[in-house]
Each structure stands twice: as structure tokens, then as C-alpha cells.
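Student: Next comes the structure file upload_16.cif, holding mmCIF, C-alpha atoms.
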data_data
loop_
_atom_site.label_atom_id
_atom_site.label_comp_id
_atom_site.auth_asym_id
_atom_site.auth_seq_id
_atom_site.Cartn_x
_atom_site.Cartn_y
_atom_site.Cartn_z
CA MET A 1 58.56 66.12 12.28
CA ALA A 2 56.82 63.35 10.37
CA LYS A 3 58.91 61.11 8.16
CA LYS A 4 58.36 61.37 4.42
CA SER A 5 56.35 58.37 3.34
CA LEU A 6 55.80 56.88 -0.10
CA ASN A 7 52.71 54.66 -0.40
CA ILE A 8 52.37 52.22 -3.27
CA VAL A 9 48.77 51.17 -3.86
CA GLU A 10 48.24 48.05 -5.96
CA SER A 11 44.96 46.40 -4.81
CA PRO A 12 42.06 48.50 -6.12
CA TYR A 13 38.29 48.23 -5.72
CA ARG A 14 38.69 45.77 -2.86
CA ALA A 15 35.62 46.79 -0.87
CA VAL A 16 34.92 50.29 -2.16
CA ILE A 17 31.15 49.86 -2.49
CA GLU A 18 30.77 48.71 1.11
CA GLU A 19 33.24 51.26 2.47
CA GLN A 20 32.16 54.05 0.09
CA ASP A 21 35.84 54.74 -0.52
CA ASP A 22 39.17 52.93 -0.75
CA THR A 23 40.44 52.20 2.75
CA ILE A 24 44.06 53.05 1.91
CA LEU A 25 43.26 56.33 0.16
CA TRP A 26 41.06 57.16 3.15
CA LEU A 27 43.89 56.30 5.55
CA LEU A 28 46.36 58.47 3.66
CA ALA A 29 43.95 61.41 3.74
CA ALA A 30 43.45 60.93 7.47
CA MET A 31 47.18 60.61 8.20
CA GLN A 32 47.99 63.65 6.07
CA GLY A 33 45.44 65.58 8.06
CA ALA A 34 47.20 64.47 11.25
CA GLY A 35 50.48 65.99 10.07
CA GLY A 36 51.92 63.29 7.84
CA GLU A 37 53.89 63.90 4.68
CA HIS A 38 52.64 61.33 2.21
CA THR A 39 52.97 60.59 -1.47
CA MET A 40 51.05 57.90 -3.36
CA VAL A 41 52.00 55.74 -6.33
CA LEU A 42 49.27 53.86 -8.19
CA ARG A 43 50.59 50.75 -9.90
CA GLY A 44 49.17 47.59 -11.46
CA ASN A 45 45.40 47.50 -11.63
CA ALA A 46 45.22 50.45 -9.22
CA VAL A 47 46.15 52.84 -12.05
CA ASN A 48 42.44 52.65 -12.92
CA TYR A 49 41.71 54.83 -9.90
CA ALA A 50 43.20 57.77 -11.80
CA ILE A 51 40.75 57.66 -14.72
CA ALA A 52 38.46 60.70 -14.72
CA GLY A 53 34.72 60.23 -15.06
CA GLN A 54 34.43 56.77 -13.56
CA GLY A 55 31.81 55.58 -11.08
CA ALA A 56 29.76 52.50 -10.31
CA PRO A 57 26.07 52.65 -9.45
CA GLY A 58 25.29 52.24 -5.78
CA LEU A 59 24.18 48.87 -4.52
CA THR A 60 20.45 48.18 -4.35
CA VAL A 61 18.90 45.29 -2.45
CA GLY A 62 15.12 45.30 -2.57
CA GLU A 63 13.90 48.55 -1.04
CA TRP A 64 17.36 49.34 0.38
CA LYS A 65 19.42 51.71 -1.73
CA GLN A 66 22.94 53.02 -1.32
CA THR A 67 22.95 56.80 -1.66
CA GLN A 68 26.67 57.59 -1.37
CA ALA A 69 28.35 55.31 -3.90
CA PRO A 70 32.12 55.76 -4.16
CA ARG A 71 33.81 57.80 -6.89
CA MET A 72 37.46 56.90 -6.99
CA ASP A 73 38.44 59.67 -9.41
CA ARG A 74 36.90 62.18 -7.01
CA ASP A 75 38.86 60.69 -4.11
CA VAL A 76 42.13 60.78 -6.06
CA ALA A 77 41.47 64.42 -7.03
CA ASP A 78 40.75 65.18 -3.37
CA LEU A 79 44.14 63.79 -2.34
CA ILE A 80 45.89 65.96 -4.91
CA GLU A 81 43.93 69.19 -4.58
CA ASN A 82 42.84 69.30 -0.96
CA ARG A 83 45.26 67.06 0.94
CA LYS A 84 48.30 68.14 -1.08
CA ILE A 85 49.38 64.51 -1.53
CA PRO A 86 51.38 64.03 -4.74
CA VAL A 87 49.96 61.14 -6.77
CA TYR A 88 52.07 59.23 -9.29
CA VAL A 89 50.92 56.60 -11.77
CA VAL A 90 53.27 54.04 -13.30
CA GLU A 91 53.14 54.85 -16.99
CA GLU A 92 53.88 51.34 -18.29
CA ASP A 93 50.93 50.02 -16.25
CA LEU A 94 48.70 52.60 -17.93
CA ALA A 95 49.98 51.63 -21.38
CA GLU A 96 49.48 47.90 -20.78
CA ARG A 97 45.82 48.62 -20.00
CA GLY A 98 45.30 50.94 -22.97
CA ILE A 99 44.77 53.99 -20.77
CA ALA A 100 45.95 57.29 -22.25
CA SER A 101 47.37 59.99 -20.01
CA ASP A 102 44.73 62.48 -21.18
CA GLU A 103 42.08 60.28 -19.54
CA LEU A 104 43.49 60.92 -16.09
CA VAL A 105 42.45 63.19 -13.26
CA SER A 106 44.18 66.57 -13.43
CA GLY A 107 47.39 66.82 -11.46
CA ILE A 108 48.50 63.19 -11.78
CA LYS A 109 52.23 62.68 -12.28
CA LEU A 110 53.68 59.88 -14.39
CA VAL A 111 56.62 57.77 -13.31
CA SER A 112 58.31 55.02 -15.29
CA ARG A 113 59.21 51.67 -13.77
CA ARG A 114 62.87 52.57 -14.24
CA GLY A 115 62.23 55.80 -12.38
CA LEU A 116 60.77 54.15 -9.29
CA PRO A 117 64.08 53.44 -7.48
CA ARG A 118 65.01 57.10 -7.78
CA LEU A 119 61.61 58.01 -6.31
CA PHE A 120 62.02 55.47 -3.48
CA ALA A 121 65.33 57.08 -2.53
CA GLU A 122 63.58 60.35 -1.75
CA TYR A 123 61.53 58.82 1.09
CA GLU A 124 62.33 57.53 4.56
CA ILE A 125 59.42 55.07 4.53
CA VAL A 126 58.06 53.08 1.58
CA SER A 127 54.82 51.17 2.19
CA HIS A 128 53.28 48.73 -0.28
CA TRP A 129 49.51 48.37 0.21
CA MET B 1 6.81 24.97 -13.87
CA PRO B 2 8.28 24.42 -10.37
CA LYS B 3 9.91 27.35 -8.70
CA LYS B 4 13.67 27.53 -9.05
CA ILE B 5 15.86 27.14 -5.99
CA LEU B 6 19.29 28.71 -5.91
CA THR B 7 21.96 28.14 -3.27
CA PHE B 8 24.84 30.45 -2.51
CA ALA B 9 27.86 29.84 -0.31
CA LEU B 10 29.52 33.06 0.83
CA MET B 11 32.84 33.24 2.64
CA ASP B 12 34.12 36.82 2.66
CA ALA B 13 33.83 39.05 5.69
CA PRO B 14 31.95 42.35 5.37
CA TYR B 15 34.04 45.36 4.32
CA GLU B 16 36.93 43.29 3.00
CA SER B 17 36.27 42.50 -0.64
CA ALA B 18 34.11 43.25 -3.65
CA ASN B 19 32.90 39.65 -3.75
CA LEU B 20 30.01 40.40 -1.44
CA THR B 21 28.86 43.35 -3.54
CA THR B 22 28.66 40.97 -6.49
CA ALA B 23 26.87 38.41 -4.33
CA PHE B 24 24.26 40.91 -3.16
CA ARG B 25 23.62 42.11 -6.73
CA ILE B 26 22.92 38.49 -7.77
CA LEU B 27 20.85 37.76 -4.66
CA ASP B 28 18.79 40.90 -5.28
CA ALA B 29 18.05 39.82 -8.85
CA ALA B 30 16.96 36.39 -7.64
CA ALA B 31 14.75 37.86 -4.91
CA ARG B 32 13.07 40.21 -7.40
CA ARG B 33 12.14 37.15 -9.47
CA GLY B 34 10.61 35.44 -6.47
CA LEU B 35 13.04 32.55 -6.49
CA ASP B 36 13.71 30.50 -3.40
CA ILE B 37 17.19 31.21 -2.10
CA ASN B 38 19.49 29.36 0.28
CA VAL B 39 22.53 31.12 1.66
CA PHE B 40 25.24 29.42 3.69
CA ALA B 41 27.25 32.18 5.34
CA TYR B 42 30.57 30.60 6.18
CA GLU B 43 33.79 31.91 7.74
CA GLY B 44 33.89 35.73 7.66
CA ALA B 45 30.53 35.89 5.90
CA ALA B 46 28.94 34.74 9.14
CA ALA B 47 29.17 38.39 10.23
CA LEU B 48 27.01 39.68 7.37
CA ALA B 49 23.79 39.43 9.37
CA PHE B 50 25.28 40.55 12.71
CA THR B 51 22.76 43.00 14.13
CA ARG B 52 25.22 45.16 16.10
CA GLN B 53 26.81 46.63 12.97
CA SER B 54 26.53 50.42 13.12
CA PRO B 55 26.77 53.10 10.45
CA HIS B 56 29.14 55.94 11.21
CA PRO B 57 29.93 59.52 10.21
CA ASN B 58 33.00 60.04 8.04
CA PRO B 59 35.25 62.96 8.96
CA VAL B 60 37.53 62.43 5.95
CA HIS B 61 34.51 62.78 3.68
CA GLY B 62 33.31 65.71 5.79
CA LYS B 63 29.94 64.01 6.27
CA ASN B 64 27.89 63.45 9.37
CA LEU B 65 26.03 60.22 10.14
CA ALA B 66 23.02 61.06 7.98
CA GLU B 67 25.02 62.46 5.07
CA GLU B 68 27.42 59.49 4.95
CA ASN B 69 24.51 57.03 5.17
CA HIS B 70 27.03 54.26 5.52
CA PRO B 71 25.86 50.83 4.33
CA THR B 72 25.64 47.90 6.70
CA THR B 73 25.36 44.37 5.42
CA LYS B 74 22.78 43.55 8.10
CA ASP B 75 20.46 46.05 6.40
CA GLN B 76 21.15 44.43 3.04
CA VAL B 77 20.34 40.99 4.45
CA ALA B 78 17.09 42.28 5.95
CA ALA B 79 16.18 43.97 2.65
CA LEU B 80 16.89 40.75 0.77
CA LEU B 81 14.55 38.76 3.01
CA ALA B 82 11.82 41.39 2.61
CA GLU B 83 12.20 41.56 -1.18
CA ALA B 84 11.99 37.79 -1.55
CA ALA B 85 8.88 37.62 0.63
CA LYS B 86 7.25 40.44 -1.33
CA ASN B 87 7.72 38.49 -4.55
CA GLY B 88 6.60 35.13 -3.21
CA GLY B 89 10.04 33.70 -2.63
CA LYS B 90 11.76 32.68 0.55
CA VAL B 91 15.29 32.94 1.84
CA ASP B 92 16.87 30.36 4.12
CA TRP B 93 19.90 32.30 5.37
CA VAL B 94 22.11 30.06 7.50
CA ASN B 95 24.89 31.52 9.64
CA CYS B 96 27.60 28.95 10.35
CA GLY B 97 27.35 28.40 14.10
CA MET B 98 31.00 27.74 14.83
CA CYS B 99 31.98 30.72 12.68
CA VAL B 100 29.72 33.11 14.59
CA ASP B 101 30.94 31.75 17.92
CA GLU B 102 34.57 32.27 16.96
CA ARG B 103 33.85 35.82 15.88
CA GLY B 104 31.42 36.79 18.62
CA VAL B 105 28.73 37.68 16.09
CA ASN B 106 25.96 35.47 17.44
CA GLU B 107 23.11 38.00 17.08
CA PHE B 108 21.40 37.72 13.72
CA VAL B 109 18.95 39.63 11.60
CA PRO B 110 15.49 38.15 12.31
CA GLY B 111 14.60 35.59 9.70
CA THR B 112 18.13 34.22 9.45
CA ARG B 113 19.24 31.28 11.54
CA ARG B 114 22.15 29.51 13.12
CA GLY B 115 23.23 26.35 11.33
CA SER B 116 26.13 24.10 10.57
CA PRO B 117 27.76 22.32 7.66
CA ALA B 118 25.01 19.76 8.11
CA ASP B 119 22.70 22.33 6.45
CA PHE B 120 24.80 22.59 3.35
CA PRO B 121 23.23 19.52 1.74
CA PHE B 122 20.34 21.87 0.85
CA ILE B 123 22.30 22.07 -2.39
CA ASP B 124 20.84 18.64 -3.19
CA ALA B 125 17.42 20.20 -3.65
CA SER B 126 18.74 23.23 -5.53
CA ASP B 127 18.67 23.88 -9.27
CA ASN B 128 22.06 25.44 -9.05
CA THR B 129 24.71 26.41 -6.50
CA LEU B 130 27.17 29.25 -6.64
CA VAL B 131 30.16 29.23 -4.32
CA ILE B 132 31.82 32.62 -3.96
CA PRO B 133 35.04 31.75 -2.15
CA THR B 134 37.40 34.04 -0.36
CA LYS B 135 40.98 34.47 -1.55
#
Now, as a test, write the supplied structure out as C-alpha cells.

Tutor:
Amino acid sequence: MAKKSLNIVESPYRAVIEEQDDTILWLLAAMQGAGGEHTMVLRGNAVNYAIAGQGAPGLTVGEWKQTQAPRMDRDVADLIENRKIPVYVVEEDLAERGIASDELVSGIKLVSRRGLPRLFAEYEIVSHW
Amino acid sequence: MPKKILTFALMDAPYESANLTTAFRILDAAARRGLDINVFAYEGAAALAFTRQSPHPNPVHGKNLAEENHPTTKDQVAALLAEAAKNGGKVDWVNCGMCVDERGVNEFVPGTRRGSPADFPFIDASDNTLVIPTK
């Protein structure tokens, strides 16, 4: 049986245009599909991934055009709805950036900084990406 | 008025950072204006024009090869050269020779070339130079 794993994501938008997704969210989806039992925490600047309605235009270079630009809110919603990966966001990190909880993708859970140690204790593996 | 010459030094490897997306947006704008462009592709950026890059399907996205239409930086480099030429500009894209040897990426998009730090003095003839360093 797979160990329960908590994954803290803190480095957002690292190469999402070139990859057409976030490599860590992609990895979690793939590992969950392979029988893992993962949970994700968005902290720091990565809390921005949880904002609904975001999206950058695809890259264009001359006649070359990107047709499948990433949508991070869609990918977060996919983790929650289709992969059954619980997604937490650190609420103080939202507040510091002026992001209200009603701006977030449906199904996001909030966790306070003080509540993180209690969350850590529920998992056998904690990974910080 | 003489044509402007811009020089860019890139250092990030493909698929590692958003720096290159920013770089390509700027390079595209310069090429559309017909400016002359120098690029020194250093360190990981020496792989940008590597011709053996391949797009791939994406099973997590549930998309096949055509649906995913995955970007490759070699295609972006080729498109940049074509756009500059169409608008009367030229691109001197230099791949650091030692960097490509170290990485085994010594097959370039046609129109780019192998070079060395000895080429970097092309900044002397440039109106401006932008270094986009890796971190």
C-alpha cells in the first residue's frame, strides 16, 4: 500500500508555458494515477495557482503559435475533482497577497501556518517542491 | 536612421524556467520590427536550438501528439529567424561551443552557428544588450 504523501509546492510558474503545465502538479497527477495517495499544499507565491479564471496567452514567435497554453486553475481543479487529491492553501499567504478565498477554485481547503504541523503529522512522507 | 542592433545573452536551459518565455516574447517583438538581433546562447541555453528535441503526447492531459502540440524551443528559434528575415532583419544566433559539447547538443537549427565567448564582443556594435541570467 502506498504511503500517504503530503506535497508542499512553493515555486510556481517556473516553466509552465514551455511545459504547458506545472511539472510538479503533473507529477502528482501521474503518481496518483499509479496508485499513490497524495495531498498538496500551495504556499508562498504558489497560492496564485488556486485563483479561478487565470490564464496567460500562449507564446507566439513569428508564424509559430502555441495552441495549448497552460491554465493553472484548470489543473488545480483537475487534481481535486478528477484525481481526488486534496489541495490546501496557506491562508496567511493568500491574505498577504490580497487574495480573497472566494476567488479560489472550488474545493480548495484553507490551512493556517499554525495548522501545518498538525497536517504534517498525518502523513508518512512530506515533500517540499 | 541606422537600423538598431540588439544583443541578448541567454543562460537558462529549455523547460526549466519562465525566463526563456520572456526572452522569446522580447525577441519576437524585435524580429517583427526588423531589428538586427544577436543571441549568445550560453550554458543551458545552448540546447535551445538543438534539432533533436521532440514533441510528445501527454497522457496526464489525455492528449495525443497532435492534440498536445507540445512546444519545442528549436521551433521557436527557427520561427524567430524566419520572422526577422521576413521583416528585413537578421539574427546571429551563437551557440556556445563548449556548452553544446558538454551537453551533447551539437546539432543546431539551420541558420544558427557554433561560437565561443570570443563572439560576445558583438555587444560592442550593439545599441543595447540584455543579459537574462539563470538563478

Student: Evaluate the PyMOL selection byres ((chain A) within 6 of (chain B)) on the structure here and hand back the selected residues as a ChimeraX atom specification.

Tutor: /A:14-15,18,61-62,64

Student: Suppose you want the space between CA of Val47 in chain A and CA of Asp93 in chain A; what is it in Å?

Tutor: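 Between CA of Val47 in chain A and CA of Asp93 in chain A the gap works out to 7.0 Å.
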
Student: Could you pull the residues within 12 Å of Ile99 in chain A, counting all atoms listed in the file, minus those fewer than 6 positions along the same chain, as a PDB file with C-alpha atoms, in the coordinates of the input?

Tutor:
ATOM      1  CA  ASN A  45      45.400  47.500 -11.630  1.00  0.00           C
ATOM      2  CA  VAL A  47      46.150  52.840 -12.050  1.00  0.00           C
ATOM      3  CA  ASN A  48      42.440  52.650 -12.920  1.00  0.00           C
ATOM      4  CA  TYR A  49      41.710  54.830  -9.900  1.00  0.00           C
ATOM      5  CA  ALA A  50      43.200  57.770 -11.800  1.00  0.00           C
ATOM      6  CA  ILE A  51      40.750  57.660 -14.720  1.00  0.00           C
ATOM      7  CA  ALA A  52      38.460  60.700 -14.720  1.00  0.00           C
ATOM      8  CA  VAL A  89      50.920  56.600 -11.770  1.00  0.00           C
ATOM      9  CA  VAL A  90      53.270  54.040 -13.300  1.00  0.00           C
ATOM     10  CA  GLU A  91      53.140  54.850 -16.990  1.00  0.00           C
ATOM     11  CA  GLU A  92      53.880  51.340 -18.290  1.00  0.00           C
ATOM     12  CA  ASP A  93      50.930  50.020 -16.250  1.00  0.00           C
TER      13      ASP A  93
END

Student: I'd like the interatomic distance between CA of Ala46 in chain B and CA of Arg71 in chain A, to a tenth of an Å.

Tutor: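 Taking CA of Ala46 in chain B and CA of Arg71 in chain A, their separation equals 28.5 Å.
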
Student: Measuring between all atoms listed in the file, which one of A:Ile125, A:Ala56, A:Ile85, A:Met72 shows the shortest distance to Leu104 in chain A?

Tutor: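 Counting all atoms listed in the file, the residue closest to Leu104 in chain A is A:Met72.
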
Student: How would you write, as a PyMOL selection string, the residues chosen by the PyMOL selection byres ((chain A and resi 43) around 12) on this structure?

Tutor: chain A and resi 7-12+40-42+44-50+87-97+110-113+116+128-129

Student: I'd like the interatomic distance between CA of Asp92 in chain B and CA of Asn38 in chain B, to a tenth of an Å.

Tutor: 4.8 Å

Student: Could you tell me, as a list of chain:residue names, exactly which residues end up selected when the PyMOL selection byres ((chain B and resi 7) around 9) is applied to this structure?

Tutor: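 Residues picked by the PyMOL selection byres ((chain B and resi 7) around 9): B:Ile5, B:Leu6, B:Phe8, B:Ala9, B:Asp36, B:Ile37, B:Asn38, B:Val39, B:Phe40, B:Phe122, B:Ile123, B:Ser126, B:Asp127, B:Asn128, B:Thr129, B:Leu130, B:Val131.
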
Student: Do a neighbour search on range 104-119 of chain B at 8 Å with only C-alpha atoms, toss out local chain neighbours closer than 2 positions, and write the hits as a PyMOL selection string.

Tutor: chain B and resi 46-47+49-52+74+77-78+81+92-98+100-102+121-122

Student: As a PDB file, in the coordinates of the input, could you write out range 11-38 of chain B once it has been completed with N, CA and C atoms?

Tutor:
ATOM      1  N   MET B  11      31.743  33.448   1.685  1.00  0.00           N
ATOM      2  CA  MET B  11      32.840  33.240   2.640  1.00  0.00           C
ATOM      3  C   MET B  11      33.549  34.517   3.074  1.00  0.00           C
ATOM      4  N   ASP B  12      33.381  35.600   2.322  1.00  0.00           N
ATOM      5  CA  ASP B  12      34.120  36.820   2.660  1.00  0.00           C
ATOM      6  C   ASP B  12      33.483  37.559   3.819  1.00  0.00           C
ATOM      7  N   ALA B  13      34.319  38.198   4.608  1.00  0.00           N
ATOM      8  CA  ALA B  13      33.830  39.050   5.690  1.00  0.00           C
ATOM      9  C   ALA B  13      33.333  40.373   5.128  1.00  0.00           C
ATOM     10  N   PRO B  14      32.382  41.013   5.806  1.00  0.00           N
ATOM     11  CA  PRO B  14      31.950  42.350   5.370  1.00  0.00           C
ATOM     12  C   PRO B  14      33.122  43.322   5.339  1.00  0.00           C
ATOM     13  N   TYR B  15      33.070  44.252   4.403  1.00  0.00           N
ATOM     14  CA  TYR B  15      34.040  45.360   4.320  1.00  0.00           C
ATOM     15  C   TYR B  15      35.461  44.909   4.018  1.00  0.00           C
ATOM     16  N   GLU B  16      35.599  43.786   3.326  1.00  0.00           N
ATOM     17  CA  GLU B  16      36.930  43.290   3.000  1.00  0.00           C
ATOM     18  C   GLU B  16      37.145  43.086   1.502  1.00  0.00           C
ATOM     19  N   SER B  17      36.084  42.881   0.755  1.00  0.00           N
ATOM     20  CA  SER B  17      36.270  42.500  -0.640  1.00  0.00           C
ATOM     21  C   SER B  17      35.042  42.907  -1.454  1.00  0.00           C
ATOM     22  N   ALA B  18      35.234  42.939  -2.766  1.00  0.00           N
ATOM     23  CA  ALA B  18      34.110  43.250  -3.650  1.00  0.00           C
ATOM     24  C   ALA B  18      33.236  42.036  -3.921  1.00  0.00           C
ATOM     25  N   ASN B  19      33.672  40.865  -3.471  1.00  0.00           N
ATOM     26  CA  ASN B  19      32.900  39.650  -3.750  1.00  0.00           C
ATOM     27  C   ASN B  19      31.480  39.742  -3.211  1.00  0.00           C
ATOM     28  N   LEU B  20      31.339  40.346  -2.040  1.00  0.00           N
ATOM     29  CA  LEU B  20      30.010  40.400  -1.440  1.00  0.00           C
ATOM     30  C   LEU B  20      29.097  41.379  -2.164  1.00  0.00           C
ATOM     31  N   THR B  21      29.664  42.430  -2.728  1.00  0.00           N
ATOM     32  CA  THR B  21      28.860  43.350  -3.540  1.00  0.00           C
ATOM     33  C   THR B  21      28.281  42.590  -4.732  1.00  0.00           C
ATOM     34  N   THR B  22      29.125  41.792  -5.367  1.00  0.00           N
ATOM     35  CA  THR B  22      28.660  40.970  -6.490  1.00  0.00           C
ATOM     36  C   THR B  22      27.582  39.990  -6.007  1.00  0.00           C
ATOM     37  N   ALA B  23      27.834  39.374  -4.865  1.00  0.00           N
ATOM     38  CA  ALA B  23      26.870  38.410  -4.330  1.00  0.00           C
ATOM     39  C   ALA B  23      25.518  39.073  -4.083  1.00  0.00           C
ATOM     40  N   PHE B  24      25.524  40.244  -3.465  1.00  0.00           N
ATOM     41  CA  PHE B  24      24.260  40.910  -3.160  1.00  0.00           C
ATOM     42  C   PHE B  24      23.544  41.362  -4.437  1.00  0.00           C
ATOM     43  N   ARG B  25      24.283  41.741  -5.471  1.00  0.00           N
ATOM     44  CA  ARG B  25      23.620  42.110  -6.730  1.00  0.00           C
ATOM     45  C   ARG B  25      22.894  40.888  -7.314  1.00  0.00           C
ATOM     46  N   ILE B  26      23.542  39.709  -7.252  1.00  0.00           N
ATOM     47  CA  ILE B  26      22.920  38.490  -7.770  1.00  0.00           C
ATOM     48  C   ILE B  26      21.735  38.083  -6.896  1.00  0.00           C
ATOM     49  N   LEU B  27      21.931  38.140  -5.580  1.00  0.00           N
ATOM     50  CA  LEU B  27      20.850  37.760  -4.660  1.00  0.00           C
ATOM     51  C   LEU B  27      19.640  38.671  -4.847  1.00  0.00           C
ATOM     52  N   ASP B  28      19.887  39.958  -5.056  1.00  0.00           N
ATOM     53  CA  ASP B  28      18.790  40.900  -5.280  1.00  0.00           C
ATOM     54  C   ASP B  28      18.011  40.531  -6.536  1.00  0.00           C
ATOM     55  N   ALA B  29      18.725  40.191  -7.594  1.00  0.00           N
ATOM     56  CA  ALA B  29      18.050  39.820  -8.850  1.00  0.00           C
ATOM     57  C   ALA B  29      17.200  38.564  -8.649  1.00  0.00           C
ATOM     58  N   ALA B  30      17.726  37.616  -7.892  1.00  0.00           N
ATOM     59  CA  ALA B  30      16.960  36.390  -7.640  1.00  0.00           C
ATOM     60  C   ALA B  30      15.724  36.664  -6.793  1.00  0.00           C
ATOM     61  N   ALA B  31      15.889  37.538  -5.794  1.00  0.00           N
ATOM     62  CA  ALA B  31      14.750  37.860  -4.910  1.00  0.00           C
ATOM     63  C   ALA B  31      13.663  38.603  -5.683  1.00  0.00           C
ATOM     64  N   ARG B  32      14.058  39.463  -6.604  1.00  0.00           N
ATOM     65  CA  ARG B  32      13.070  40.210  -7.400  1.00  0.00           C
ATOM     66  C   ARG B  32      12.266  39.274  -8.298  1.00  0.00           C
ATOM     67  N   ARG B  33      12.856  38.132  -8.646  1.00  0.00           N
ATOM     68  CA  ARG B  33      12.140  37.150  -9.470  1.00  0.00           C
ATOM     69  C   ARG B  33      11.351  36.163  -8.637  1.00  0.00           C
ATOM     70  N   GLY B  34      11.381  36.309  -7.335  1.00  0.00           N
ATOM     71  CA  GLY B  34      10.610  35.440  -6.470  1.00  0.00           C
ATOM     72  C   GLY B  34      11.163  34.037  -6.345  1.00  0.00           C
ATOM     73  N   LEU B  35      12.444  33.873  -6.624  1.00  0.00           N
ATOM     74  CA  LEU B  35      13.040  32.550  -6.490  1.00  0.00           C
ATOM     75  C   LEU B  35      13.253  32.200  -5.022  1.00  0.00           C
ATOM     76  N   ASP B  36      13.331  30.929  -4.746  1.00  0.00           N
ATOM     77  CA  ASP B  36      13.710  30.500  -3.400  1.00  0.00           C
ATOM     78  C   ASP B  36      15.239  30.468  -3.317  1.00  0.00           C
ATOM     79  N   ILE B  37      15.747  30.997  -2.221  1.00  0.00           N
ATOM     80  CA  ILE B  37      17.190  31.210  -2.100  1.00  0.00           C
ATOM     81  C   ILE B  37      17.694  30.588  -0.800  1.00  0.00           C
ATOM     82  N   ASN B  38      18.765  29.822  -0.900  1.00  0.00           N
ATOM     83  CA  ASN B  38      19.490  29.360   0.280  1.00  0.00           C
ATOM     84  C   ASN B  38      20.834  30.069   0.325  1.00  0.00           C
TER      85      ASN B  38
END
